[in-house]
file data.txt (compact mmCIF, C-alpha atoms and all ligand atoms)
# COMPACT_ATOMS: atom_id res chain seq x y z
CA MET A 7 70.54 110.28 111.60
CA SER A 8 67.92 107.61 111.95
CA HIS A 9 65.52 107.10 114.80
CA PRO A 10 64.46 103.90 116.41
CA GLN A 11 60.76 103.37 116.35
CA THR A 12 60.16 101.65 119.60
CA LEU A 13 62.06 104.30 121.54
CA GLN A 14 61.40 107.68 120.01
CA ILE A 15 63.45 109.90 122.24
CA PRO A 16 67.20 110.35 121.95
CA PHE A 17 68.97 108.18 124.49
CA LEU A 18 70.97 111.01 125.82
CA GLU A 19 67.92 112.97 126.88
CA PHE A 20 66.33 109.82 128.14
CA MET A 21 69.29 108.65 130.14
CA LEU A 22 70.83 111.86 131.32
CA SER A 23 67.97 114.31 131.65
CA ALA A 24 65.11 111.96 132.47
CA PRO A 25 62.53 113.66 130.22
CA THR A 26 58.86 112.89 130.20
CA ILE A 27 58.14 109.62 128.47
CA GLN A 28 54.76 109.18 126.89
CA ASP A 29 54.02 105.55 127.49
CA SER A 30 57.02 103.87 128.89
CA SER A 31 55.73 100.32 128.95
CA GLN A 32 54.96 100.46 125.26
CA LYS A 33 58.05 102.45 124.19
CA LEU A 34 60.80 100.67 125.99
CA GLN A 35 60.99 96.95 126.40
CA LEU A 36 63.32 96.60 129.32
CA GLU A 37 64.61 93.12 129.57
CA HIS A 38 64.99 92.15 133.15
CA GLU A 39 66.00 88.90 134.79
CA LYS A 40 67.33 87.53 131.52
CA SER A 41 68.43 83.98 131.82
CA GLN A 42 70.79 83.52 128.87
CA PHE A 43 74.03 84.77 130.36
CA SER A 44 77.16 83.54 128.67
CA CYS A 45 79.54 81.43 130.69
CA ASN A 46 82.43 83.89 130.70
CA SER A 47 80.50 86.78 132.11
CA HIS A 48 78.38 87.19 135.17
CA LYS A 49 75.40 89.29 135.95
CA LYS A 50 74.77 91.92 138.51
CA ILE A 51 71.45 93.27 139.59
CA VAL A 52 71.34 97.04 139.56
CA PRO A 53 68.80 98.98 141.56
CA LEU A 54 67.12 101.54 139.33
CA GLN A 55 68.12 105.12 139.79
CA PRO A 56 65.24 107.36 140.95
CA ASN A 57 65.34 109.20 137.60
CA TYR A 58 64.25 106.12 135.78
CA LYS A 59 61.22 105.14 137.79
CA ASN A 60 58.82 106.54 135.20
CA VAL A 61 60.49 104.40 132.54
CA SER A 62 60.07 101.08 134.19
CA ARG A 63 57.26 101.21 136.63
CA LYS A 64 57.18 97.47 136.76
CA ALA A 65 60.90 96.83 136.92
CA HIS A 66 62.65 97.32 140.22
CA THR A 67 65.86 95.74 139.08
CA MET A 68 67.61 95.42 135.75
CA SER A 69 70.33 92.99 134.89
CA TYR A 70 73.37 93.37 132.71
CA LYS A 71 76.46 91.46 131.72
CA VAL A 72 80.00 92.52 132.42
CA THR A 73 83.06 92.00 130.28
CA ALA A 74 86.81 91.80 130.87
CA ILE A 75 89.71 92.86 128.66
CA ASN A 76 90.42 89.36 127.33
CA ASN A 77 86.84 88.68 126.32
CA ARG A 78 87.48 89.08 122.59
CA ARG A 79 89.18 87.32 119.70
CA TYR A 80 92.30 88.99 118.35
CA LEU A 81 95.08 87.65 116.14
CA GLY A 82 98.32 87.52 118.13
CA ASN A 83 96.58 88.25 121.44
CA LYS A 84 99.04 87.38 124.21
CA TYR A 85 96.54 86.78 126.99
CA ARG A 86 97.42 83.11 127.29
CA LEU A 87 101.13 83.92 127.39
CA LEU A 88 100.89 86.34 130.30
CA PRO A 89 102.32 83.92 132.91
CA PHE A 90 105.34 83.35 130.65
CA ILE A 91 105.84 87.07 129.99
CA LYS A 92 105.43 88.00 133.65
CA GLN A 93 107.88 85.31 134.73
CA VAL A 94 110.57 86.50 132.32
CA VAL A 95 110.12 90.10 133.47
CA LYS A 96 110.10 89.16 137.15
CA ASN A 97 113.26 87.05 136.92
CA ASN A 98 115.32 89.30 134.67
CA CYS A 99 114.24 92.93 134.92
CA HIS A 100 114.76 95.14 137.93
CA ASP A 101 113.13 98.34 139.22
CA ILE A 102 110.44 98.49 136.55
CA LYS A 103 108.11 101.40 137.21
CA ILE A 104 107.06 102.35 133.68
CA ILE A 105 106.19 99.83 130.97
CA ALA A 106 105.47 100.84 127.37
CA ASP A 107 103.39 98.37 125.34
CA LEU A 108 103.85 99.93 121.92
CA PHE A 109 102.07 97.38 119.68
CA ALA A 110 99.41 97.05 122.36
CA GLY A 111 96.54 95.45 120.37
CA THR A 112 93.88 94.52 122.92
CA GLY A 113 96.06 95.72 125.81
CA ALA A 114 96.26 92.20 127.25
CA VAL A 115 99.94 92.50 128.13
CA SER A 116 99.51 95.92 129.75
CA SER A 117 96.70 94.48 131.85
CA ALA A 118 99.24 92.18 133.52
CA PHE A 119 101.19 95.22 134.74
CA GLN A 120 98.40 97.42 136.03
CA ASP A 121 100.29 98.11 139.24
CA LEU A 122 102.85 100.05 137.15
CA GLN A 123 102.63 103.16 135.02
CA ILE A 124 101.49 102.02 131.58
CA ILE A 125 102.05 103.57 128.16
CA THR A 126 100.10 101.96 125.32
CA ASN A 127 100.15 102.55 121.60
CA ASP A 128 98.52 101.01 118.55
CA LEU A 129 98.10 102.08 114.94
CA LEU A 130 94.43 101.09 114.96
CA TYR A 131 92.06 103.63 116.49
CA SER A 132 89.78 100.80 117.63
CA ASN A 133 92.60 99.45 119.81
CA TYR A 134 93.51 102.91 121.06
CA ILE A 135 89.90 103.41 122.17
CA SER A 136 89.85 100.11 124.04
CA ASN A 137 93.22 100.85 125.65
CA LEU A 138 91.83 104.22 126.78
CA ALA A 139 88.78 102.48 128.23
CA TRP A 140 90.86 99.98 130.19
CA PHE A 141 93.89 102.06 131.24
CA SER A 142 93.02 105.75 131.36
CA ALA A 143 92.92 107.26 134.83
CA GLN A 144 90.08 109.63 133.93
CA PRO A 145 87.22 108.99 136.39
CA TYR A 146 83.96 107.78 134.89
CA ASP A 147 80.40 107.45 136.11
CA GLU A 148 79.80 103.72 136.21
CA ASP A 149 76.07 104.08 136.83
CA LYS A 150 75.74 106.20 133.70
CA ILE A 151 77.55 103.53 131.65
CA ILE A 152 75.36 100.76 133.10
CA GLN A 153 72.12 102.62 132.48
CA LEU A 154 73.08 103.48 128.89
CA ILE A 155 74.09 99.90 128.15
CA ILE A 156 70.84 98.57 129.53
CA ALA A 157 68.91 101.05 127.40
CA TYR A 158 70.98 100.29 124.29
CA ASN A 159 70.32 96.60 124.70
CA ALA A 160 66.60 97.25 124.96
CA VAL A 161 66.25 99.46 121.91
CA SER A 162 64.72 98.20 118.70
CA VAL A 163 65.65 100.21 115.61
CA ARG A 164 63.56 100.11 112.45
CA ALA A 165 65.10 102.90 110.39
CA ASP A 166 68.18 102.25 108.26
CA ASN A 167 71.52 103.94 108.87
CA TYR A 168 75.16 103.76 107.67
CA MET A 169 75.65 100.29 109.11
CA SER A 170 72.50 98.67 107.75
CA ASN A 171 72.91 100.43 104.37
CA ASN A 172 76.42 99.01 103.96
CA PHE A 173 76.70 95.85 106.07
CA ALA A 174 73.20 94.32 106.25
CA ASP A 175 73.31 90.51 106.18
CA THR A 176 77.09 90.28 105.87
CA PHE A 177 78.91 89.93 109.20
CA PHE A 178 75.71 90.88 111.05
CA SER A 179 72.00 90.69 110.35
CA LYS A 180 70.23 93.77 109.04
CA GLN A 181 68.55 94.27 112.39
CA ASP A 182 71.81 94.10 114.32
CA CYS A 183 73.42 96.50 111.82
CA ARG A 184 70.65 99.03 112.48
CA LYS A 185 71.23 98.68 116.19
CA ILE A 186 75.02 99.02 115.88
CA GLY A 187 74.64 102.16 113.72
CA TYR A 188 72.09 103.67 116.07
CA ILE A 189 74.15 103.04 119.20
CA ARG A 190 77.38 104.34 117.67
CA GLU A 191 75.64 107.52 116.48
CA ASP A 192 74.11 108.05 119.88
CA ILE A 193 77.46 107.70 121.67
CA GLU A 194 78.96 110.35 119.40
CA ARG A 195 76.00 112.71 119.86
CA ASN A 196 76.20 112.38 123.62
CA PHE A 197 79.94 112.98 123.59
CA LYS A 198 79.65 116.06 121.39
CA ALA A 199 76.93 117.42 123.65
CA GLY A 200 79.32 117.12 126.61
CA LYS A 201 77.26 114.47 128.34
CA LEU A 202 79.97 111.82 128.18
CA ASN A 203 83.61 112.39 128.97
CA GLU A 204 86.38 110.85 126.84
CA ARG A 205 86.69 107.76 129.01
CA GLU A 206 82.93 107.19 129.07
CA ARG A 207 82.85 107.46 125.28
CA ALA A 208 85.74 104.99 125.05
CA LEU A 209 84.01 102.57 127.44
CA LEU A 210 80.78 102.61 125.42
CA ILE A 211 82.57 102.19 122.08
CA THR A 212 84.62 99.35 123.55
CA SER A 213 81.48 97.69 124.82
CA LEU A 214 79.96 97.98 121.33
CA LEU A 215 83.08 96.59 119.60
CA TYR A 216 83.26 93.62 121.98
CA ALA A 217 79.55 92.93 121.46
CA MET A 218 79.94 93.08 117.66
CA ASP A 219 82.87 90.71 117.78
CA LYS A 220 80.85 88.19 119.79
CA ILE A 221 78.18 87.85 117.10
CA ALA A 222 80.10 88.49 113.85
CA LYS A 223 79.77 85.71 111.29
CA THR A 224 83.51 85.40 110.73
CA CYS A 225 86.29 82.96 111.47
CA GLY A 226 87.77 85.50 113.87
CA HIS A 227 88.70 88.24 111.42
CA TYR A 228 86.80 90.41 108.95
CA ASP A 229 88.56 89.54 105.67
CA ALA A 230 85.44 87.58 104.81
CA TYR A 231 82.09 86.67 106.31
CA ARG A 232 80.42 83.29 106.36
CA LYS A 233 77.73 83.25 103.71
CA GLY A 234 74.38 81.58 104.17
CA VAL A 235 74.65 81.05 107.92
CA GLU A 236 71.87 81.82 110.31
CA PHE A 237 72.22 84.96 112.42
CA ASP A 238 71.51 83.09 115.62
CA LEU A 239 73.25 85.51 118.00
CA HIS A 240 72.17 89.11 118.49
CA LEU A 241 73.93 92.19 119.70
CA GLU A 242 74.14 92.49 123.46
CA LEU A 243 76.45 94.99 125.10
CA SER A 244 78.23 94.26 128.37
CA VAL A 245 79.68 96.66 130.89
CA PRO A 246 83.51 96.77 130.72
CA GLN A 247 84.94 96.15 134.17
CA ALA A 248 87.51 98.93 133.92
CA SER A 249 89.45 100.07 136.96
CA GLN A 250 88.78 103.46 138.53
CA ASN A 251 92.23 103.31 140.15
CA ASN A 252 94.57 103.30 137.19
CA ASN A 253 97.91 105.05 137.52
CA PRO A 254 97.27 108.80 136.88
CA ASN A 255 100.34 108.92 134.61
CA ASN A 256 99.12 106.24 132.21
CA ILE A 257 99.10 107.42 128.58
CA CYS A 258 97.51 105.87 125.47
CA TYR A 259 98.74 106.72 121.98
CA ASN A 260 97.40 106.06 118.48
CA GLN A 261 100.47 106.49 116.30
CA ASP A 262 102.81 104.63 114.03
CA ILE A 263 105.35 103.18 116.45
CA ASN A 264 108.35 104.46 114.49
CA THR A 265 107.03 108.02 114.71
CA LEU A 266 106.28 107.72 118.41
CA ALA A 267 109.26 105.75 119.71
CA SER A 268 111.77 108.54 120.35
CA ASN A 269 109.18 110.45 122.42
CA VAL A 270 108.63 107.59 124.86
CA CYS A 271 110.75 107.00 127.93
CA ALA A 272 110.13 103.80 129.90
CA ASP A 273 111.99 101.26 132.01
CA LEU A 274 110.73 98.39 129.87
CA VAL A 275 109.47 98.60 126.29
CA TYR A 276 107.43 95.57 125.24
CA LEU A 277 107.19 94.97 121.48
CA ASP A 278 104.69 92.60 119.89
CA PRO A 279 104.71 93.46 116.18
CA PRO A 280 102.64 91.69 113.54
CA TYR A 281 104.54 88.57 112.47
CA ASN A 282 103.43 88.10 108.91
CA SER A 283 101.86 89.78 105.91
CA ARG A 284 98.36 89.80 107.38
CA GLN A 285 97.55 93.48 107.94
CA TYR A 286 95.54 94.17 111.09
CA CYS A 287 93.63 96.97 109.35
CA ASP A 288 92.32 94.33 106.88
CA ALA A 289 91.51 91.80 109.56
CA TYR A 290 89.60 94.30 111.76
CA HIS A 291 88.35 96.87 109.22
CA VAL A 292 84.71 96.69 110.39
CA LEU A 293 85.60 97.37 114.02
CA GLU A 294 87.94 100.15 112.93
CA ASN A 295 85.22 101.66 110.77
CA VAL A 296 82.72 101.67 113.65
CA ALA A 297 85.28 102.98 116.16
CA ARG A 298 86.27 105.88 113.88
CA TRP A 299 82.71 106.55 112.73
CA GLU A 300 83.70 108.65 109.75
CA LYS A 301 81.24 106.66 107.59
CA PRO A 302 83.53 106.13 104.61
CA LYS A 303 82.59 104.45 101.32
CA VAL A 304 83.14 100.70 101.51
CA PHE A 305 84.17 98.36 98.69
CA GLY A 306 84.11 94.71 97.64
CA VAL A 307 82.49 91.66 99.14
CA ALA A 308 83.96 92.22 102.62
CA LYS A 309 82.91 95.91 102.54
CA LYS A 310 86.31 97.34 103.35
CA MET A 311 87.03 101.05 103.56
CA ASP A 312 90.21 102.69 102.24
CA ARG A 313 92.93 101.58 104.67
CA THR A 314 95.99 103.06 102.98
CA ALA A 315 96.97 105.10 106.04
CA LEU A 316 96.65 102.10 108.34
CA LYS A 317 99.02 99.68 106.59
CA SER A 318 101.92 98.51 108.74
CA ALA A 319 105.50 98.26 107.49
CA TYR A 320 105.89 95.27 109.83
CA CYS A 321 103.71 93.20 107.49
CA THR A 322 105.82 93.95 104.43
CA LYS A 323 109.35 93.45 103.18
CA GLU A 324 110.19 96.75 104.86
CA ALA A 325 109.84 95.04 108.26
CA THR A 326 113.56 94.56 108.96
CA GLN A 327 114.39 98.17 108.14
CA ALA A 328 111.46 99.43 110.24
CA PHE A 329 112.54 97.24 113.15
CA ALA A 330 116.15 98.48 112.99
CA ASP A 331 114.97 102.09 112.94
CA LEU A 332 112.64 101.43 115.87
CA ILE A 333 115.23 99.75 118.09
CA GLU A 334 117.65 102.58 117.50
CA LYS A 335 115.04 105.11 118.67
CA ILE A 336 113.97 103.28 121.83
CA ASN A 337 114.92 104.85 125.12
CA ALA A 338 114.61 102.14 127.82
CA ARG A 339 116.66 99.92 130.11
CA TYR A 340 115.00 96.76 128.75
CA ILE A 341 113.38 95.83 125.46
CA LEU A 342 111.23 92.70 125.45
CA LEU A 343 110.22 91.42 122.01
CA SER A 344 107.61 88.72 121.37
CA TYR A 345 108.21 86.89 118.11
CA ASN A 346 107.30 83.39 117.02
CA ASN A 347 109.45 80.87 115.17
CA MET A 348 107.48 80.94 111.92
CA GLU A 349 110.30 82.27 109.78
CA ASN A 350 109.95 79.57 107.12
CA LYS A 351 107.27 77.19 108.36
CA GLY A 352 103.98 78.27 106.89
CA ASN A 353 103.04 79.67 103.53
CA GLU A 354 104.07 82.98 102.03
CA ARG A 355 101.35 84.75 104.01
CA SER A 356 102.08 83.19 107.40
CA ASN A 357 105.89 83.22 107.25
CA ALA A 358 107.45 85.61 109.75
CA LYS A 359 108.72 88.87 108.29
CA LEU A 360 111.73 89.23 110.60
CA ALA A 361 114.51 86.65 110.40
CA ASP A 362 116.06 85.50 113.68
CA THR A 363 119.52 86.53 112.48
CA ASP A 364 118.25 90.08 111.87
CA ILE A 365 116.51 90.23 115.24
CA MET A 366 119.69 89.15 117.03
CA ARG A 367 121.89 91.50 115.00
CA ILE A 368 119.64 94.54 115.54
CA LEU A 369 118.96 93.95 119.24
CA GLY A 370 122.62 92.98 119.77
CA LYS A 371 123.67 96.53 118.82
CA LYS A 372 121.62 97.82 121.72
CA GLY A 373 122.80 95.44 124.45
CA GLU A 374 122.95 91.83 125.66
CA VAL A 375 120.18 89.57 124.30
CA LEU A 376 118.57 86.61 126.10
CA VAL A 377 116.03 84.33 124.37
CA PHE A 378 113.19 82.45 126.13
CA GLU A 379 110.87 79.99 124.42
CA GLU A 380 107.49 78.42 125.13
CA ASP A 381 105.40 76.07 123.01
CA TYR A 382 102.33 77.88 121.89
CA LYS A 383 99.29 76.98 119.88
CA ALA A 384 98.70 80.16 117.92
CA PHE A 385 95.24 81.44 117.18
CA THR A 386 94.72 80.71 113.49
CA THR A 387 91.71 81.08 111.27
CA GLY A 388 91.28 77.32 111.24
CA LYS A 389 92.77 76.74 107.78
CA SER A 390 96.41 76.39 108.75
CA LYS A 391 97.91 73.50 110.67
CA ILE A 392 101.31 74.51 111.84
CA GLN A 393 103.58 72.16 113.79
CA ASP A 394 106.09 73.11 116.48
CA ASN A 395 104.92 76.67 116.77
CA ALA A 396 106.84 78.29 119.59
CA GLU A 397 106.50 81.77 120.98
CA ARG A 398 109.80 83.37 121.88
CA LEU A 399 110.70 86.32 124.05
CA PHE A 400 113.87 88.21 123.16
CA LEU A 401 115.02 90.27 126.13
CA CYS A 402 117.56 92.97 125.40
CA ILE A 403 119.33 94.41 128.44
CA CYS A 404 120.23 97.76 126.95
CA ASN A 405 123.65 99.31 127.33
CA GLN A 406 123.27 102.45 129.42
C1 LIG B 1 100.53 90.98 117.49
S1 LIG B 1 99.41 92.32 117.62
C2 LIG B 1 99.60 92.77 119.32
C3 LIG B 1 98.77 91.91 120.22
C4 LIG B 1 98.77 92.37 121.65
N1 LIG B 1 100.03 92.15 122.29
C5 LIG B 1 97.66 91.67 122.40
O1 LIG B 1 97.96 90.88 123.30
O2 LIG B 1 96.49 91.93 122.09
C6 LIG B 1 100.24 93.61 116.79
C7 LIG B 1 99.58 94.99 116.89
O3 LIG B 1 100.44 95.95 116.34
C8 LIG B 1 99.67 96.96 115.72
N2 LIG B 1 100.56 97.62 114.74
C9 LIG B 1 100.98 97.13 113.55
N3 LIG B 1 101.85 97.99 112.98
C10 LIG B 1 101.98 99.03 113.82
C11 LIG B 1 102.73 100.23 113.78
N4 LIG B 1 103.53 100.52 112.76
N5 LIG B 1 102.64 101.09 114.82
C12 LIG B 1 101.82 100.80 115.88
N6 LIG B 1 101.09 99.68 115.96
C13 LIG B 1 101.16 98.80 114.96
C14 LIG B 1 98.49 96.20 115.12
O4 LIG B 1 97.38 97.05 114.92
C15 LIG B 1 98.26 95.12 116.17
O5 LIG B 1 97.26 95.49 117.06
call {"tool": "encode", "arguments": {"input": "data.txt", "output": "structure tokens", "more": "lines below"}}
Ligand SMILES: C[S@@+](CC[C@H](N)C(=O)[O-])C[C@H]1O[C@@H](n2cnc3c(N)ncnc32)[C@H](O)[C@@H]1O
result
Amino acid sequence: MSHPQTLQIPFLEFMLSAPTIQDSSQKLQLEHEKSQFSCNSHKKIVPLQPNYKNVSRKAHTMSYKVTAINNRRYLGNKYRLLPFIKQVVKNNCHDIKIIADLFAGTGAVSSAFQDLQIITNDLLYSNYISNLAWFSAQPYDEDKIIQLIIAYNAVSVRADNYMSNNFADTFFSKQDCRKIGYIREDIERNFKAGKLNERERALLITSLLYAMDKIAKTCGHYDAYRKGVEFDLHLELSVPQASQNNNPNNICYNQDINTLASNVCADLVYLDPPYNSRQYCDAYHVLENVARWEKPKVFGVAKKMDRTALKSAYCTKEATQAFADLIEKINARYILLSYNNMENKGNERSNAKLADTDIMRILGKKGEVLVFEEDYKAFTTGKSKIQDNAERLFLCICNQ
């Protein structure tokens, strides 16, 4: 474990036990009244807690940014389609009390149904952690999160760690890598010492992942980084604005959907599988690596870890069989499937893995199927130009 050199005490002790600090003005450069707030976040001024007065004798207020669930880039993110999805549900589904979002990704779709009981699931641990942060009903100490994030943003780390040893000057600068590695290690240490609960840990990891994604030198995914570009943005964590009033029965899972499906009971199951051969574990391997924090060996130019266990059948030629197996296992009154019309429009990589005829045949065995369509400009990596891309919703009203 490395130690930062401008702040020589562990954050946990500093933040949670308020230990003696030798020379606070020299050790900790608190940034207050920062002016460079990004346009999609706003700042709050937080009065300092009494514990911290010896840390910042000069600072009576500290500022921080906040972040919302949609404030990140994610392939297939349905945030912009929420009005369409909500409208279809409102007009066609009745008495929905429990919704299961089983390929949840960022959790954007679940966030549109926060007045209901929510069940989320995703194969990636990084998404599970964010879903836990946004939707768990476990109470958390918001002041603690704010104070830690302010301190994390202020720290300057000079010693190398797993992140700087493996990722320096790739997606992030060496300095930002040191900071990412330091913060992630500190979160884990605090959690293991019982000073953060599960939700607080999830909130801090989510904040770190969102901050990394904001500055990563990528075209939106981590298959490659942009060489030779200036690292003009630097890591800055924001406070996730997560509700303290989530439904106490919300549950978040981190399983393969086909293993989980028969154990879930919901009124409406929403399915948003990957559409093509692009594996999410490849596209987001750096975020997954940091979320898991198992510090595996990484390989190749993009510094990927071994992702064998994270590969999805829905990105392969097994997709139709996996989908049939899944639909058979689902126990719900309604199944709502998002799938685009890219069956044969792009290249081998971007072509959809499920054919419309198979979708209709498989869902048709379960009940009546209605199809809704909306034009949609998909998030691409900038290389592909695809015409007439439409996003469809297949609603299956299941036979009871
Ligand atoms: C199209 S994205 C979902 C996007 C999400 N609706 C959103 O708005 O952010 C598909 C998700 O399915 C997950 N996934 C892929 N295969 C899976 C599997 N077999 N079981 C569970 N999740 C899987 C991926 O990790 C990815 O996050």
call {"tool": "residues_near_ligand", "arguments": {"input": "data.txt", "ligand": "ligand LIG 1 (chain B)", "cutoff": "6 Å", "atoms": "all atoms listed in the file", "output": "VMD selection string"}}
result
chain A and resid 82 to 85 109 to 115 128 to 130 261 to 263 278 to 280 286 318 320
call {"tool": "write_last_selection", "arguments": {"input": "data.txt", "atoms": "C-alpha atoms", "output": "mmCIF file, keeping the file's coordinate frame"}}
result
data_model
loop_
_atom_site.group_PDB
_atom_site.id
_atom_site.type_symbol
_atom_site.label_atom_id
_atom_site.label_comp_id
_atom_site.auth_asym_id
_atom_site.auth_seq_id
_atom_site.Cartn_x
_atom_site.Cartn_y
_atom_site.Cartn_z
ATOM 1 C CA GLY A 82 98.320 87.520 118.130
ATOM 2 C CA ASN A 83 96.580 88.250 121.440
ATOM 3 C CA LYS A 84 99.040 87.380 124.210
ATOM 4 C CA TYR A 85 96.540 86.780 126.990
ATOM 5 C CA PHE A 109 102.070 97.380 119.680
ATOM 6 C CA ALA A 110 99.410 97.050 122.360
ATOM 7 C CA GLY A 111 96.540 95.450 120.370
ATOM 8 C CA THR A 112 93.880 94.520 122.920
ATOM 9 C CA GLY A 113 96.060 95.720 125.810
ATOM 10 C CA ALA A 114 96.260 92.200 127.250
ATOM 11 C CA VAL A 115 99.940 92.500 128.130
ATOM 12 C CA ASP A 128 98.520 101.010 118.550
ATOM 13 C CA LEU A 129 98.100 102.080 114.940
ATOM 14 C CA LEU A 130 94.430 101.090 114.960
ATOM 15 C CA GLN A 261 100.470 106.490 116.300
ATOM 16 C CA ASP A 262 102.810 104.630 114.030
ATOM 17 C CA ILE A 263 105.350 103.180 116.450
ATOM 18 C CA ASP A 278 104.690 92.600 119.890
ATOM 19 C CA PRO A 279 104.710 93.460 116.180
ATOM 20 C CA PRO A 280 102.640 91.690 113.540
ATOM 21 C CA TYR A 286 95.540 94.170 111.090
ATOM 22 C CA SER A 318 101.920 98.510 108.740
ATOM 23 C CA TYR A 320 105.890 95.270 109.830
#
call {"tool": "closest_atom_pairs", "arguments": {"input": "data.txt", "of": "region 172-240 of chain A", "to": "region 76-80 of chain A", "cutoff": "12 Å", "atoms": "all atoms listed in the file", "output": "CSV"}}
result
residue,atom,partner,partner_atom,distance
A:Thr212,CA,A:Arg78,CA,10.7
A:Ser213,CA,A:Asn77,CA,10.6
A:Leu214,CA,A:Arg78,CA,11.7
A:Leu215,CA,A:Arg78,CA,9.2
A:Tyr216,CA,A:Arg78,CA,6.2
A:Ala217,CA,A:Arg78,CA,8.9
A:Met218,CA,A:Arg78,CA,9.9
A:Asp219,CA,A:Arg78,CA,6.9
A:Lys220,CA,A:Arg78,CA,7.3
A:Ile221,CA,A:Arg78,CA,10.9
A:Ala222,CA,A:Arg79,CA,10.9
A:Thr224,CA,A:Arg79,CA,10.8
A:Cys225,CA,A:Arg79,CA,9.8
A:Gly226,CA,A:Arg79,CA,6.3
A:His227,CA,A:Tyr80,CA,7.8
A:Tyr228,CA,A:Tyr80,CA,11.0
call {"tool": "closest_residue", "arguments": {"input": "data.txt", "among": "A:Asn269, A:Gln285, A:Gln144, A:Gln153", "to": "Arg313 (chain A)", "atoms": "all atoms listed in the file"}}
result
A:Gln285
call {"tool": "closest_residue", "arguments": {"input": "data.txt", "among": "A:Asp362, A:Val307, A:Asn252, A:Leu376", "to": "Ala143 (chain A)", "atoms": "only C-alpha atoms"}}
result
A:Asn252
call {"tool": "atom_distance", "arguments": {"input": "data.txt", "atom1": "CA of Asn256 (chain A)", "atom2": "CA of Ile336 (chain A)"}}
result
18.4 Å
call {"tool": "atom_distance", "arguments": {"input": "data.txt", "atom1": "CA of Met366 (chain A)", "atom2": "CA of Tyr340 (chain A)"}}
result
14.7 Å
call {"tool": "residues_around", "arguments": {"input": "data.txt", "residues": "Pro254 (chain A)", "least_positions_apart": "4", "cutoff": "12 Å", "atoms": "all atoms listed in the file", "output": "ChimeraX atom specification"}}
result
/A:120-125,141-145,249-250,258
call {"tool": "write_last_selection", "arguments": {"input": "data.txt", "atoms": "C-alpha atoms", "output": "compact mmCIF listing (two decimals), keeping the file's coordinate frame"}}
result
# COMPACT_ATOMS: atom_id res chain seq x y z
CA GLN A 120 98.40 97.42 136.03
CA ASP A 121 100.29 98.11 139.24
CA LEU A 122 102.85 100.05 137.15
CA GLN A 123 102.63 103.16 135.02
CA ILE A 124 101.49 102.02 131.58
CA ILE A 125 102.05 103.57 128.16
CA PHE A 141 93.89 102.06 131.24
CA SER A 142 93.02 105.75 131.36
CA ALA A 143 92.92 107.26 134.83
CA GLN A 144 90.08 109.63 133.93
CA PRO A 145 87.22 108.99 136.39
CA SER A 249 89.45 100.07 136.96
CA GLN A 250 88.78 103.46 138.53
CA CYS A 258 97.51 105.87 125.47
call {"tool": "residues_around", "arguments": {"input": "data.txt", "residues": "Ala74 (chain A)", "least_positions_apart": "4", "cutoff": "8 Å", "atoms": "only C-alpha atoms", "output": "ChimeraX atom specification"}}
result
/A:246-248
call {"tool": "write_last_selection", "arguments": {"input": "data.txt", "atoms": "C-alpha atoms", "output": "PDB file, keeping the file's coordinate frame"}}
result
ATOM      1  CA  PRO A 246      83.510  96.770 130.720  1.00  0.00           C
ATOM      2  CA  GLN A 247      84.940  96.150 134.170  1.00  0.00           C
ATOM      3  CA  ALA A 248      87.510  98.930 133.920  1.00  0.00           C
TER       4      ALA A 248
END
call {"tool": "atom_distance", "arguments": {"input": "data.txt", "atom1": "CA of Phe197 (chain A)", "atom2": "CA of Glu148 (chain A)"}}
result
15.7 Å
call {"tool": "closest_residue", "arguments": {"input": "data.txt", "among": "A:Arg298, A:Lys223, A:Lys372, A:Arg284", "to": "Ile333 (chain A)", "atoms": "only C-alpha atoms"}}
result
A:Lys372
call {"tool": "closest_residue", "arguments": {"input": "data.txt", "among": "A:Leu88, A:Val292, A:Ala338, A:Ala361", "to": "Lys323 (chain A)", "atoms": "only C-alpha atoms"}}
result
A:Ala361
call {"tool": "residues_near_point", "arguments": {"input": "data.txt", "point": "(70.2, 97.3, 133.9)", "cutoff": "6 Å", "atoms": "only C-alpha atoms", "output": "PyMOL selection string"}}
result
chain A and resi 52+68-70+153+156
call {"tool": "residues_near_point", "arguments": {"input": "data.txt", "point": "(100.9, 90.0, 134.5)", "cutoff": "7 Å", "atoms": "all atoms listed in the file", "output": "NGL selection string"}}
result
:A and (88-89 or 92 or 115 or 117-119)
call {"tool": "decode", "arguments": {"input": "data.txt", "residues": "region 128-145 of chain A", "atoms": "C-alpha atoms", "output": "CSV table (one decimal), in the first residue's frame"}}
result
chain,number,residue,atom,x,y,z
A,128,ASP,CA,-25.8,-7.0,-14.2
A,129,LEU,CA,-23.0,-9.4,-14.9
A,130,LEU,CA,-20.4,-6.6,-14.4
A,131,TYR,CA,-19.5,-5.9,-10.7
A,132,SER,CA,-18.9,-2.3,-11.6
A,133,ASN,CA,-22.6,-1.9,-12.6
A,134,TYR,CA,-23.8,-3.9,-9.6
A,135,ILE,CA,-21.9,-1.5,-7.3
A,136,SER,CA,-23.4,1.5,-9.0
A,137,ASN,CA,-26.9,0.0,-8.8
A,138,LEU,CA,-26.3,-0.7,-5.1
A,139,ALA,CA,-25.3,3.0,-4.6
A,140,TRP,CA,-28.4,4.3,-6.4
A,141,PHE,CA,-31.1,1.8,-5.4
A,142,SER,CA,-30.2,0.2,-2.1
A,143,ALA,CA,-32.4,1.2,0.9
A,144,GLN,CA,-29.5,0.9,3.3
A,145,PRO,CA,-29.2,4.3,5.1
